[in-house]
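Raw start-v1.pdb, PDB, C-alpha atoms:
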ATOM      1  CA  MET D  19     -16.181 -42.885  21.411
ATOM      2  CA  GLY D  20     -17.599 -39.771  23.111
ATOM      3  CA  LEU D  21     -20.169 -39.740  25.908
ATOM      4  CA  TRP D  22     -23.060 -38.708  23.681
ATOM      5  CA  GLN D  23     -22.206 -41.397  21.150
ATOM      6  CA  ARG D  24     -22.155 -44.059  23.857
ATOM      7  CA  LEU D  25     -25.571 -42.962  25.001
ATOM      8  CA  LEU D  26     -27.165 -43.189  21.563
ATOM      9  CA  LEU D  27     -28.880 -46.580  21.638
ATOM     10  CA  SER D  28     -31.010 -47.841  18.791
ATOM     11  CA  GLY D  29     -33.276 -44.857  18.221
ATOM     12  CA  GLY D  30     -33.366 -43.484  21.763
ATOM     13  CA  VAL D  31     -31.193 -42.198  24.598
ATOM     14  CA  LEU D  32     -31.260 -43.499  28.143
ATOM     15  CA  LEU D  33     -30.676 -40.659  30.613
ATOM     16  CA  ARG D  34     -29.887 -41.589  34.173
ATOM     17  CA  GLY D  35     -31.359 -39.298  36.777
ATOM     18  CA  VAL D  36     -31.228 -38.934  40.544
ATOM     19  CA  GLY D  37     -31.514 -42.242  42.371
ATOM     20  CA  GLY D  38     -30.706 -44.247  39.278
ATOM     21  CA  ALA D  39     -34.038 -43.607  37.561
ATOM     22  CA  THR D  40     -33.842 -43.680  33.769
ATOM     23  CA  ALA D  41     -35.910 -42.128  31.048
ATOM     24  CA  ARG D  42     -35.861 -42.830  27.329
ATOM     25  CA  LEU D  43     -35.822 -39.932  24.872
ATOM     26  CA  GLY D  44     -37.734 -40.308  21.630
ATOM     27  CA  ARG D  45     -36.161 -40.441  18.143
ATOM     28  CA  SER D  46     -36.813 -36.754  17.446
ATOM     29  CA  ARG D  47     -34.939 -35.745  20.593
ATOM     30  CA  VAL D  48     -32.101 -38.082  19.580
ATOM     31  CA  LEU D  49     -31.809 -36.312  16.237
ATOM     32  CA  VAL D  50     -31.442 -33.013  18.075
ATOM     33  CA  PHE D  51     -28.610 -34.442  20.161
ATOM     34  CA  ARG D  52     -26.962 -35.862  17.033
ATOM     35  CA  ARG D  53     -27.132 -32.493  15.290
ATOM     36  CA  GLN D  54     -25.576 -30.816  18.314
ATOM     37  CA  LEU D  55     -22.845 -33.448  18.403
ATOM     38  CA  SER D  56     -22.252 -33.064  14.664
ATOM     39  CA  GLY D  57     -22.046 -29.313  15.041
ATOM     40  CA  VAL D  58     -19.430 -29.585  17.784
ATOM     41  CA  GLU D  59     -17.333 -32.044  15.741
ATOM     42  CA  SER D  60     -17.621 -29.894  12.617
ATOM     43  CA  GLU D  61     -16.459 -26.829  14.515
ATOM     44  CA  THR D  62     -13.504 -28.744  15.967
ATOM     45  CA  LEU D  63     -12.489 -30.015  12.537
ATOM     46  CA  LYS D  64     -12.863 -26.536  11.105
ATOM     47  CA  GLN D  65     -10.571 -25.065  13.755
ATOM     48  CA  ARG D  66      -8.022 -27.832  13.199
ATOM     49  CA  ARG D  67      -8.095 -27.271   9.438
ATOM     50  CA  THR D  68      -7.580 -23.534   9.937
ATOM     51  CA  GLN D  69      -4.537 -24.197  12.138
ATOM     52  CA  ILE D  70      -2.976 -26.499   9.534
ATOM     53  CA  MET D  71      -3.649 -24.125   6.649
ATOM     54  CA  SER D  72      -2.219 -21.193   8.604
ATOM     55  CA  ARG D  73       1.144 -22.930   8.594
ATOM     56  CA  GLY D  74       1.182 -22.675   4.811
ATOM     57  CA  LEU D  75       3.278 -24.695   2.367
ATOM     58  CA  PRO D  76       6.913 -25.517   3.126
ATOM     59  CA  LYS D  77       9.088 -22.460   2.626
ATOM     60  CA  GLN D  78      10.859 -22.710  -0.712
ATOM     61  CA  LYS D  79      14.622 -22.494  -0.610
ATOM     62  CA  PRO D  80      16.639 -22.103  -3.820
ATOM     63  CA  ILE D  81      19.276 -24.679  -4.699
ATOM     64  CA  GLU D  82      22.595 -22.984  -4.060
ATOM     65  CA  GLY D  83      24.284 -21.862  -7.272
ATOM     66  CA  VAL D  84      21.306 -22.660  -9.518
ATOM     67  CA  LYS D  85      19.633 -19.739 -11.279
ATOM     68  CA  GLN D  86      16.616 -21.483 -12.837
ATOM     69  CA  VAL D  87      15.009 -24.909 -12.464
ATOM     70  CA  ILE D  88      13.058 -26.527 -15.308
ATOM     71  CA  VAL D  89      11.137 -29.699 -14.482
ATOM     72  CA  VAL D  90      10.231 -32.233 -17.164
ATOM     73  CA  ALA D  91       7.214 -34.276 -16.139
ATOM     74  CA  SER D  92       4.554 -36.625 -17.413
ATOM     75  CA  GLY D  93       1.409 -38.066 -15.965
ATOM     76  CA  LYS D  94       2.227 -41.547 -17.258
ATOM     77  CA  GLY D  95       5.400 -43.571 -17.643
ATOM     78  CA  GLY D  96       6.696 -44.750 -20.997
ATOM     79  CA  VAL D  97       5.980 -41.564 -22.958
ATOM     80  CA  GLY D  98       9.623 -40.534 -23.431
ATOM     81  CA  LYS D  99       9.958 -38.092 -20.540
ATOM     82  CA  SER D 100      13.550 -38.983 -19.647
ATOM     83  CA  THR D 101      14.634 -38.974 -23.289
ATOM     84  CA  THR D 102      13.111 -35.518 -23.597
ATOM     85  CA  ALA D 103      14.782 -34.275 -20.396
ATOM     86  CA  VAL D 104      18.220 -35.488 -21.477
ATOM     87  CA  ASN D 105      17.981 -34.038 -24.971
ATOM     88  CA  LEU D 106      16.480 -30.794 -23.637
ATOM     89  CA  ALA D 107      19.483 -30.326 -21.336
ATOM     90  CA  LEU D 108      21.871 -30.956 -24.244
ATOM     91  CA  ALA D 109      19.859 -28.661 -26.513
ATOM     92  CA  LEU D 110      19.971 -25.822 -23.968
ATOM     93  CA  ALA D 111      23.755 -26.148 -23.913
ATOM     94  CA  ALA D 112      23.993 -26.418 -27.715
ATOM     95  CA  ASN D 113      21.847 -23.314 -28.256
ATOM     96  CA  ASP D 114      23.975 -21.174 -25.954
ATOM     97  CA  SER D 115      27.490 -22.334 -25.131
ATOM     98  CA  THR D 116      27.836 -19.643 -22.457
ATOM     99  CA  LYS D 117      25.212 -21.319 -20.269
ATOM    100  CA  ALA D 118      26.059 -23.940 -17.644
ATOM    101  CA  ILE D 119      23.525 -26.780 -17.581
ATOM    102  CA  GLY D 120      22.796 -29.463 -14.998
ATOM    103  CA  LEU D 121      20.554 -32.529 -15.123
ATOM    104  CA  LEU D 122      18.965 -33.948 -11.971
ATOM    105  CA  ASP D 123      17.212 -37.314 -12.085
ATOM    106  CA  VAL D 124      14.730 -37.584  -9.196
ATOM    107  CA  ASP D 125      13.046 -40.730 -10.504
ATOM    108  CA  VAL D 126      14.153 -42.775  -7.506
ATOM    109  CA  TYR D 127      12.548 -46.061  -8.572
ATOM    110  CA  GLY D 128      13.545 -45.971 -12.252
ATOM    111  CA  PRO D 129      16.531 -43.673 -12.897
ATOM    112  CA  SER D 130      17.389 -43.414 -16.602
ATOM    113  CA  VAL D 131      19.939 -40.601 -16.745
ATOM    114  CA  PRO D 132      23.039 -42.739 -15.977
ATOM    115  CA  LYS D 133      22.468 -44.978 -19.000
ATOM    116  CA  MET D 134      21.307 -42.241 -21.363
ATOM    117  CA  MET D 135      24.240 -40.002 -20.442
ATOM    118  CA  ASN D 136      26.733 -42.915 -20.450
ATOM    119  CA  LEU D 137      27.732 -42.345 -16.842
ATOM    120  CA  ARG D 138      28.465 -44.783 -14.043
ATOM    121  CA  GLY D 139      30.201 -44.747 -10.713
ATOM    122  CA  ASN D 140      29.704 -43.066  -7.356
ATOM    123  CA  PRO D 141      29.918 -39.289  -6.952
ATOM    124  CA  GLU D 142      32.891 -37.890  -5.079
ATOM    125  CA  LEU D 143      32.450 -35.647  -2.057
ATOM    126  CA  SER D 144      33.493 -32.015  -1.935
ATOM    127  CA  GLN D 145      35.311 -30.361   0.975
ATOM    128  CA  ASN D 146      31.865 -29.361   2.266
ATOM    129  CA  ASN D 147      30.804 -33.025   2.246
ATOM    130  CA  LEU D 148      28.472 -32.470  -0.719
ATOM    131  CA  MET D 149      28.163 -34.851  -3.656
ATOM    132  CA  LYS D 150      29.869 -33.732  -6.860
ATOM    133  CA  PRO D 151      27.830 -34.285 -10.040
ATOM    134  CA  LEU D 152      29.210 -36.580 -12.719
ATOM    135  CA  LEU D 153      30.007 -34.818 -15.982
ATOM    136  CA  ASN D 154      29.528 -35.892 -19.596
ATOM    137  CA  TYR D 155      28.841 -34.034 -22.861
ATOM    138  CA  GLY D 156      29.280 -30.813 -20.894
ATOM    139  CA  ILE D 157      26.292 -31.559 -18.619
ATOM    140  CA  ALA D 158      26.603 -31.965 -14.837
ATOM    141  CA  CYS D 159      24.447 -34.934 -13.802
ATOM    142  CA  MET D 160      23.144 -36.364 -10.548
ATOM    143  CA  SER D 161      20.886 -39.392 -10.146
ATOM    144  CA  MET D 162      19.867 -42.027  -7.637
ATOM    145  CA  GLY D 163      21.315 -44.412 -10.222
ATOM    146  CA  PHE D 164      24.800 -43.294  -9.156
ATOM    147  CA  LEU D 165      24.112 -44.304  -5.562
ATOM    148  CA  VAL D 166      22.731 -47.829  -6.019
ATOM    149  CA  GLU D 167      23.704 -50.809  -8.150
ATOM    150  CA  GLU D 168      22.364 -50.682 -11.708
ATOM    151  CA  THR D 169      20.261 -53.854 -11.327
ATOM    152  CA  ALA D 170      19.312 -53.332  -7.671
ATOM    153  CA  PRO D 171      15.644 -52.460  -7.129
ATOM    154  CA  VAL D 172      14.902 -49.541  -4.825
ATOM    155  CA  VAL D 173      12.359 -51.061  -2.443
ATOM    156  CA  TRP D 174      11.684 -48.105  -0.186
ATOM    157  CA  ARG D 175       8.710 -46.692   1.628
ATOM    158  CA  GLY D 176       7.662 -43.067   1.400
ATOM    159  CA  LEU D 177       9.830 -41.655   4.210
ATOM    160  CA  MET D 178      13.017 -43.152   2.762
ATOM    161  CA  VAL D 179      12.132 -41.836  -0.696
ATOM    162  CA  MET D 180      11.541 -38.345   0.704
ATOM    163  CA  SER D 181      14.888 -38.503   2.506
ATOM    164  CA  ALA D 182      16.612 -39.454  -0.758
ATOM    165  CA  ILE D 183      14.905 -36.586  -2.602
ATOM    166  CA  GLU D 184      16.011 -34.155   0.101
ATOM    167  CA  LYS D 185      19.617 -35.312  -0.327
ATOM    168  CA  LEU D 186      19.441 -34.970  -4.117
ATOM    169  CA  LEU D 187      18.041 -31.452  -3.760
ATOM    170  CA  ARG D 188      20.223 -30.158  -0.938
ATOM    171  CA  GLN D 189      23.422 -32.197  -0.785
ATOM    172  CA  VAL D 190      24.822 -31.741  -4.292
ATOM    173  CA  ASP D 191      27.558 -29.242  -5.148
ATOM    174  CA  TRP D 192      26.333 -27.932  -8.519
ATOM    175  CA  GLY D 193      28.756 -25.046  -8.672
ATOM    176  CA  GLN D 194      27.150 -22.286 -10.748
ATOM    177  CA  LEU D 195      24.353 -23.327 -13.125
ATOM    178  CA  ASP D 196      22.160 -21.243 -15.407
ATOM    179  CA  TYR D 197      19.617 -24.052 -15.887
ATOM    180  CA  LEU D 198      18.978 -27.217 -13.914
ATOM    181  CA  VAL D 199      16.738 -29.656 -15.815
ATOM    182  CA  VAL D 200      14.935 -32.010 -13.438
ATOM    183  CA  ASP D 201      13.720 -35.366 -14.752
ATOM    184  CA  MET D 202      10.668 -36.030 -12.575
ATOM    185  CA  PRO D 203       9.118 -39.454 -11.990
ATOM    186  CA  PRO D 204       5.796 -40.086 -13.737
ATOM    187  CA  GLY D 205       2.571 -39.310 -11.910
ATOM    188  CA  THR D 206       1.439 -36.740  -9.349
ATOM    189  CA  GLY D 207       2.597 -38.198  -6.052
ATOM    190  CA  ASP D 208       4.797 -37.372  -3.069
ATOM    191  CA  VAL D 209       7.998 -36.784  -5.034
ATOM    192  CA  GLN D 210       6.388 -34.298  -7.415
ATOM    193  CA  LEU D 211       4.795 -32.397  -4.539
ATOM    194  CA  SER D 212       7.980 -32.425  -2.470
ATOM    195  CA  VAL D 213      10.100 -31.030  -5.315
ATOM    196  CA  SER D 214       7.475 -28.462  -6.315
ATOM    197  CA  GLN D 215       6.952 -27.167  -2.789
ATOM    198  CA  ASN D 216      10.551 -27.111  -1.583
ATOM    199  CA  ILE D 217      12.438 -25.369  -4.392
ATOM    200  CA  PRO D 218      11.465 -22.464  -6.654
ATOM    201  CA  ILE D 219      10.713 -23.800 -10.139
ATOM    202  CA  SER D 220      10.873 -21.505 -13.150
ATOM    203  CA  GLY D 221       8.664 -23.706 -15.304
ATOM    204  CA  ALA D 222       7.375 -27.195 -16.056
ATOM    205  CA  VAL D 223       7.404 -29.032 -19.378
ATOM    206  CA  ILE D 224       4.751 -31.746 -19.764
ATOM    207  CA  VAL D 225       5.590 -34.668 -22.071
ATOM    208  CA  SER D 226       2.885 -36.855 -23.595
ATOM    209  CA  THR D 227       2.177 -38.997 -26.599
ATOM    210  CA  PRO D 228      -0.931 -38.134 -28.655
ATOM    211  CA  GLN D 229      -2.717 -41.175 -27.204
ATOM    212  CA  ASP D 230      -5.882 -40.482 -25.192
ATOM    213  CA  ILE D 231      -4.757 -42.649 -22.264
ATOM    214  CA  ALA D 232      -1.496 -40.700 -21.907
ATOM    215  CA  LEU D 233      -3.238 -37.356 -22.387
ATOM    216  CA  MET D 234      -5.628 -38.030 -19.499
ATOM    217  CA  ASP D 235      -2.684 -38.291 -17.103
ATOM    218  CA  ALA D 236      -0.815 -35.402 -18.738
ATOM    219  CA  HIS D 237      -3.871 -33.260 -17.998
ATOM    220  CA  LYS D 238      -3.672 -34.245 -14.331
ATOM    221  CA  GLY D 239       0.037 -33.442 -14.266
ATOM    222  CA  ALA D 240      -0.514 -29.955 -15.667
ATOM    223  CA  GLU D 241      -3.285 -29.282 -13.158
ATOM    224  CA  MET D 242      -1.081 -30.442 -10.290
ATOM    225  CA  PHE D 243       1.613 -27.903 -11.191
ATOM    226  CA  ARG D 244      -0.983 -25.174 -11.407
ATOM    227  CA  LYS D 245      -2.256 -26.038  -7.931
ATOM    228  CA  VAL D 246       1.226 -25.646  -6.459
ATOM    229  CA  HIS D 247       1.782 -22.430  -8.452
ATOM    230  CA  VAL D 248       4.419 -23.759 -10.854
ATOM    231  CA  PRO D 249       4.164 -22.174 -14.338
ATOM    232  CA  VAL D 250       3.534 -24.740 -17.069
ATOM    233  CA  LEU D 251       5.622 -23.682 -20.065
ATOM    234  CA  GLY D 252       3.864 -26.010 -22.487
ATOM    235  CA  LEU D 253       3.509 -29.543 -23.800
ATOM    236  CA  VAL D 254       5.864 -31.691 -25.847
ATOM    237  CA  GLN D 255       4.060 -34.097 -28.174
ATOM    238  CA  ASN D 256       6.375 -37.103 -28.239
ATOM    239  CA  MET D 257       6.140 -40.022 -30.691
ATOM    240  CA  SER D 258       3.888 -37.816 -32.776
ATOM    241  CA  VAL D 259       4.307 -39.696 -36.060
ATOM    242  CA  PHE D 260       6.190 -42.651 -37.526
ATOM    243  CA  GLN D 261       7.705 -42.382 -40.977
ATOM    244  CA  CYS D 262       8.638 -45.575 -42.787
ATOM    245  CA  PRO D 263      12.375 -45.373 -43.613
ATOM    246  CA  LYS D 264      11.784 -47.103 -46.961
ATOM    247  CA  CYS D 265       8.584 -45.743 -48.467
ATOM    248  CA  LYS D 266       8.433 -42.546 -46.325
ATOM    249  CA  HIS D 267       4.754 -43.136 -45.554
ATOM    250  CA  LYS D 268       3.704 -41.456 -42.303
ATOM    251  CA  THR D 269       1.578 -43.273 -39.730
ATOM    252  CA  HIS D 270       0.153 -41.730 -36.554
ATOM    253  CA  ILE D 271       0.506 -44.811 -34.384
ATOM    254  CA  PHE D 272      -0.679 -43.097 -31.200
ATOM    255  CA  GLY D 273      -3.196 -40.807 -32.852
ATOM    256  CA  ALA D 274      -2.839 -37.383 -34.421
ATOM    257  CA  ASP D 275      -2.533 -34.042 -32.626
ATOM    258  CA  GLY D 276      -3.873 -35.244 -29.285
ATOM    259  CA  ALA D 277      -1.453 -33.009 -27.360
ATOM    260  CA  ARG D 278      -2.539 -30.005 -29.412
ATOM    261  CA  LYS D 279      -6.139 -30.603 -28.436
ATOM    262  CA  LEU D 280      -5.160 -30.896 -24.784
ATOM    263  CA  ALA D 281      -3.064 -27.734 -25.050
ATOM    264  CA  ARG D 282      -6.093 -25.823 -26.292
ATOM    265  CA  THR D 283      -8.149 -27.182 -23.391
ATOM    266  CA  LEU D 284      -5.511 -26.053 -20.895
ATOM    267  CA  ASP D 285      -4.793 -22.778 -22.707
ATOM    268  CA  LEU D 286      -1.168 -23.839 -23.226
ATOM    269  CA  ASP D 287       1.193 -24.077 -26.178
ATOM    270  CA  VAL D 288       2.744 -27.137 -27.778
ATOM    271  CA  LEU D 289       6.476 -26.545 -27.561
ATOM    272  CA  GLY D 290       7.217 -29.000 -30.323
ATOM    273  CA  ASP D 291       6.684 -32.441 -31.841
ATOM    274  CA  ILE D 292       9.162 -35.312 -31.609
ATOM    275  CA  PRO D 293       8.634 -38.187 -34.073
ATOM    276  CA  LEU D 294       8.785 -41.875 -33.248
ATOM    277  CA  HIS D 295      12.176 -42.593 -34.782
ATOM    278  CA  LEU D 296      14.654 -45.438 -34.495
ATOM    279  CA  ASN D 297      17.609 -43.075 -34.171
ATOM    280  CA  ILE D 298      16.231 -41.507 -30.995
ATOM    281  CA  ARG D 299      15.815 -44.897 -29.360
ATOM    282  CA  GLU D 300      19.209 -46.248 -30.473
ATOM    283  CA  THR D 301      21.179 -43.182 -29.425
ATOM    284  CA  SER D 302      19.465 -43.127 -26.026
ATOM    285  CA  ASP D 303      20.180 -46.808 -25.395
ATOM    286  CA  THR D 304      23.851 -46.444 -26.317
ATOM    287  CA  GLY D 305      24.346 -43.405 -24.093
ATOM    288  CA  GLN D 306      24.890 -40.992 -26.977
ATOM    289  CA  PRO D 307      21.761 -38.796 -27.055
ATOM    290  CA  ILE D 308      20.760 -37.659 -30.504
ATOM    291  CA  VAL D 309      21.316 -33.944 -29.850
ATOM    292  CA  PHE D 310      24.963 -34.772 -29.110
ATOM    293  CA  SER D 311      25.647 -37.590 -31.573
ATOM    294  CA  GLN D 312      23.558 -36.451 -34.575
ATOM    295  CA  PRO D 313      23.154 -32.677 -34.149
ATOM    296  CA  GLU D 314      22.284 -32.127 -37.835
ATOM    297  CA  SER D 315      19.449 -34.657 -37.881
ATOM    298  CA  ASP D 316      15.833 -33.536 -38.082
ATOM    299  CA  GLU D 317      15.166 -35.155 -34.720
ATOM    300  CA  ALA D 318      17.971 -33.233 -32.987
ATOM    301  CA  LYS D 319      16.791 -29.994 -34.563
ATOM    302  CA  ALA D 320      13.327 -30.641 -33.132
ATOM    303  CA  TYR D 321      14.820 -30.758 -29.618
ATOM    304  CA  LEU D 322      16.822 -27.604 -30.313
ATOM    305  CA  ARG D 323      13.638 -25.757 -31.290
ATOM    306  CA  ILE D 324      11.890 -26.995 -28.150
ATOM    307  CA  ALA D 325      14.786 -25.677 -26.043
ATOM    308  CA  GLU D 326      14.413 -22.285 -27.728
ATOM    309  CA  GLU D 327      10.702 -22.239 -26.923
ATOM    310  CA  VAL D 328      11.380 -23.187 -23.311
ATOM    311  CA  VAL D 329      13.903 -20.380 -22.803
ATOM    312  CA  ARG D 330      11.594 -17.883 -24.493
ATOM    313  CA  ARG D 331       8.831 -18.658 -21.985
ATOM    314  CA  LEU D 332      10.970 -18.640 -18.840
ATOM    315  CA  PRO D 333      10.648 -15.706 -16.463
ATOM    316  CA  PRO D 334      13.788 -13.595 -15.963
ATOM    317  CA  PRO D 335      16.240 -15.271 -13.586
ATOM    318  CA  PRO D 336      16.453 -13.818 -10.072
ATOM    319  CA  GLU D 337      19.187 -11.285  -9.479
TER     320      GLU D 337
END
Mind turning the file's structure into structure tokens?
Amino acid sequence: MGLWQRLLLSGGVLLRGVGGATARLGRSRVLVFRRQLSGVESETLKQRRTQIMSRGLPKQKPIEGVKQVIVVASGKGGVGKSTTAVNLALALAANDSTKAIGLLDVDVYGPSVPKMMNLRGNPELSQNNLMKPLLNYGIACMSMGFLVEETAPVVWRGLMVMSAIEKLLRQVDWGQLDYLVVDMPPGTGDVQLSVSQNIPISGAVIVSTPQDIALMDAHKGAEMFRKVHVPVLGLVQNMSVFQCPKCKHKTHIFGADGARKLARTLDLDVLGDIPLHLNIRETSDTGQPIVFSQPESDEAKAYLRIAEEVVRRLPPPPE
């Protein structure tokens, strides 16, 4: 507590003069002192804030060998973000066989890529002591799930999580990739900010169901990327409709066209609609994503169209 604050006593100030004599200042004089004190503190805080802001954001450093990074994000968990990321990576490869695709799972607490891509085991180390991605279906994959036991919970505090993210970003030997699809954790926390501020990102894809509760958080996710100057390529409306396999009746379980309404609010496009379909769930659970295992299905074709829309909206890759 500062000197002036210690002297402020219940509506007055006791000032000690020569010989120990004291005099009490009235409430109006106290208010003057408080304003002066407040002004000094405000100026100090202002100078401190200016110093911090002058440092700027962390300098972005590209991932070696990676031309373009596409992040797949959602404001809320359980909306099919990882399923979308996996099938988007496969669709990018299916649409153009000349492109090299990677898939990075930075969802430290709940990695899904190992199971969906039917991969297990620890990554080997290169001669440069970098982790080598695991490969399946032509996609190079890296995930925290390769580094911990499948059933082991990751009970880490923020600093340990940030250290793990740094390793996943900087200590992987990707070789040469045209596109790296990053499966982000849900929300708008430390991991999202760390990834967005440390590597150049070509664009973000926001995944949401049409449900109002999911859309509220998807809105926050899109705004977060805008604040850190990451282009939002558009929204994917997942679980858009359920069609009965017997009678073919369509039911909008989570509501109809909610993502389209949000897209209009944000001045964005809907990249595509993915239905709520049993085949998507079954193929994901068995580690045979639908774009790979059922490429002629309507569901796979929906992912292929989304991949086309994503590529069409990407900026040109750096030279």
For the atom pair atom CA of Leu251 of chain D and atom CA of Met160 of chain D, what is the interatomic distance in Å to one decimal place? 23.6 Å
Length of the atom CA of Ile88 of chain D to atom CA of Leu148 of chain D vector [Å]: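 Answer for the atom CA of Ile88 of chain D to atom CA of Leu148 of chain D separation: 22.0 Å.
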Quick one: apply the PyMOL selection byres ((chain D and resi 327) around 10) to the file and drop the selected residues here as a ChimeraX atom specification. /D:251-252,287-290,321-326,328-332
Go ahead and write the selection's residues with C-alpha atoms as a PDB file, in the coordinates of the input.
ATOM      1  CA  LEU D 251       5.622 -23.682 -20.065  1.00  0.00           C
ATOM      2  CA  GLY D 252       3.864 -26.010 -22.487  1.00  0.00           C
ATOM      3  CA  ASP D 287       1.193 -24.077 -26.178  1.00  0.00           C
ATOM      4  CA  VAL D 288       2.744 -27.137 -27.778  1.00  0.00           C
ATOM      5  CA  LEU D 289       6.476 -26.545 -27.561  1.00  0.00           C
ATOM      6  CA  GLY D 290       7.217 -29.000 -30.323  1.00  0.00           C
ATOM      7  CA  TYR D 321      14.820 -30.758 -29.618  1.00  0.00           C
ATOM      8  CA  LEU D 322      16.822 -27.604 -30.313  1.00  0.00           C
ATOM      9  CA  ARG D 323      13.638 -25.757 -31.290  1.00  0.00           C
ATOM     10  CA  ILE D 324      11.890 -26.995 -28.150  1.00  0.00           C
ATOM     11  CA  ALA D 325      14.786 -25.677 -26.043  1.00  0.00           C
ATOM     12  CA  GLU D 326      14.413 -22.285 -27.728  1.00  0.00           C
ATOM     13  CA  VAL D 328      11.380 -23.187 -23.311  1.00  0.00           C
ATOM     14  CA  VAL D 329      13.903 -20.380 -22.803  1.00  0.00           C
ATOM     15  CA  ARG D 330      11.594 -17.883 -24.493  1.00  0.00           C
ATOM     16  CA  ARG D 331       8.831 -18.658 -21.985  1.00  0.00           C
ATOM     17  CA  LEU D 332      10.970 -18.640 -18.840  1.00  0.00           C
TER      18      LEU D 332
END
Polymer residues at most 6 Å from segment 120-122 of chain D, only C-alpha atoms, same-chain spacing of 5 or more positions, as a PDB file with C-alpha atoms, keeping the file's coordinate frame:
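Output saved as around-v9.pdb:
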ATOM      1  CA  ILE D 157      26.292 -31.559 -18.619  1.00  0.00           C
ATOM      2  CA  ALA D 158      26.603 -31.965 -14.837  1.00  0.00           C
ATOM      3  CA  CYS D 159      24.447 -34.934 -13.802  1.00  0.00           C
ATOM      4  CA  MET D 160      23.144 -36.364 -10.548  1.00  0.00           C
ATOM      5  CA  LEU D 198      18.978 -27.217 -13.914  1.00  0.00           C
ATOM      6  CA  VAL D 199      16.738 -29.656 -15.815  1.00  0.00           C
ATOM      7  CA  VAL D 200      14.935 -32.010 -13.438  1.00  0.00           C
TER       8      VAL D 200
END
I'd like to see the residues matched by the PyMOL selection byres ((chain D and resi 294-297) around 12) on this file, and ideally I'd get them as number ranges by chain. D: 97-98, 101, 227-228, 255-263, 268-272, 291-293, 298-304, 306-309, 311-313, 315-318
Would you write out, as an MDAnalysis selection string, every residue that the PyMOL selection byres ((chain D and resi 337) around 12) captures in this file? chainID D and resid 83:86 196 333:336
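What separates atom CA of Ser212 of chain D from atom CA of Glu184 of chain D is a distance of 8.6 Å.
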Residues near Ile217 of chain D, anyone? I mean within 7 Å using only C-alpha atoms, not counting same-chain ones fewer than 4 positions away, as an MDAnalysis selection string. chainID D and resid 78:81 213
Which of these, D:Lys94, D:Lys117, D:Lys185, D:Lys266, has the shortest distance to Asn147 of chain D once you count only C-alpha atoms? D:Lys185
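For the set D:Ala109, D:Leu280, D:Ile224, D:Val124, the residue with the smallest atom-to-atom gap to Met180 of chain D is D:Val124, counting only C-alpha atoms.
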Spatial neighbours of His247 of chain D, max dist 10 Å, all atoms listed in the file, sep filter under 5 positions, as a list in words: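 Within the cut-off, the hits are Ser214, Gln215, Pro218, Ile219, Gly221, Glu241 and Met242 of chain D.
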Taking into account only C-alpha atoms, which residue in the set D:Val90, D:Leu152, D:Met202, D:Val190 is nearest to Pro129 of chain D? D:Met202
Do a neighbour search on Lys150 of chain D at 12 Å with all atoms listed in the file, toss out local chain neighbours closer than 4 positions, and write the hits as number ranges by chain. D: 120, 139-146, 158-161, 164, 186, 188-193
Counting all atoms listed in the file, the residue of D:Ile183, D:Ala91, D:Val126, D:Ala118 that sits nearest Met162 of chain D: D:Val126
D:Ala182, D:Met135, D:Ala107, D:Ser226 ranked by distance to Asp275 of chain D, top pick (using all atoms listed in the file):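 Distance minimum relative to Asp275 of chain D lands on D:Ser226.
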From the set D:Gly95, D:Ile119, D:Met149, D:Asn216, which residue has the shortest atom-to-atom contact distance to Lys77 of chain D, counting all atoms listed in the file?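 For Lys77 of chain D, the nearest of the given residues is D:Asn216.
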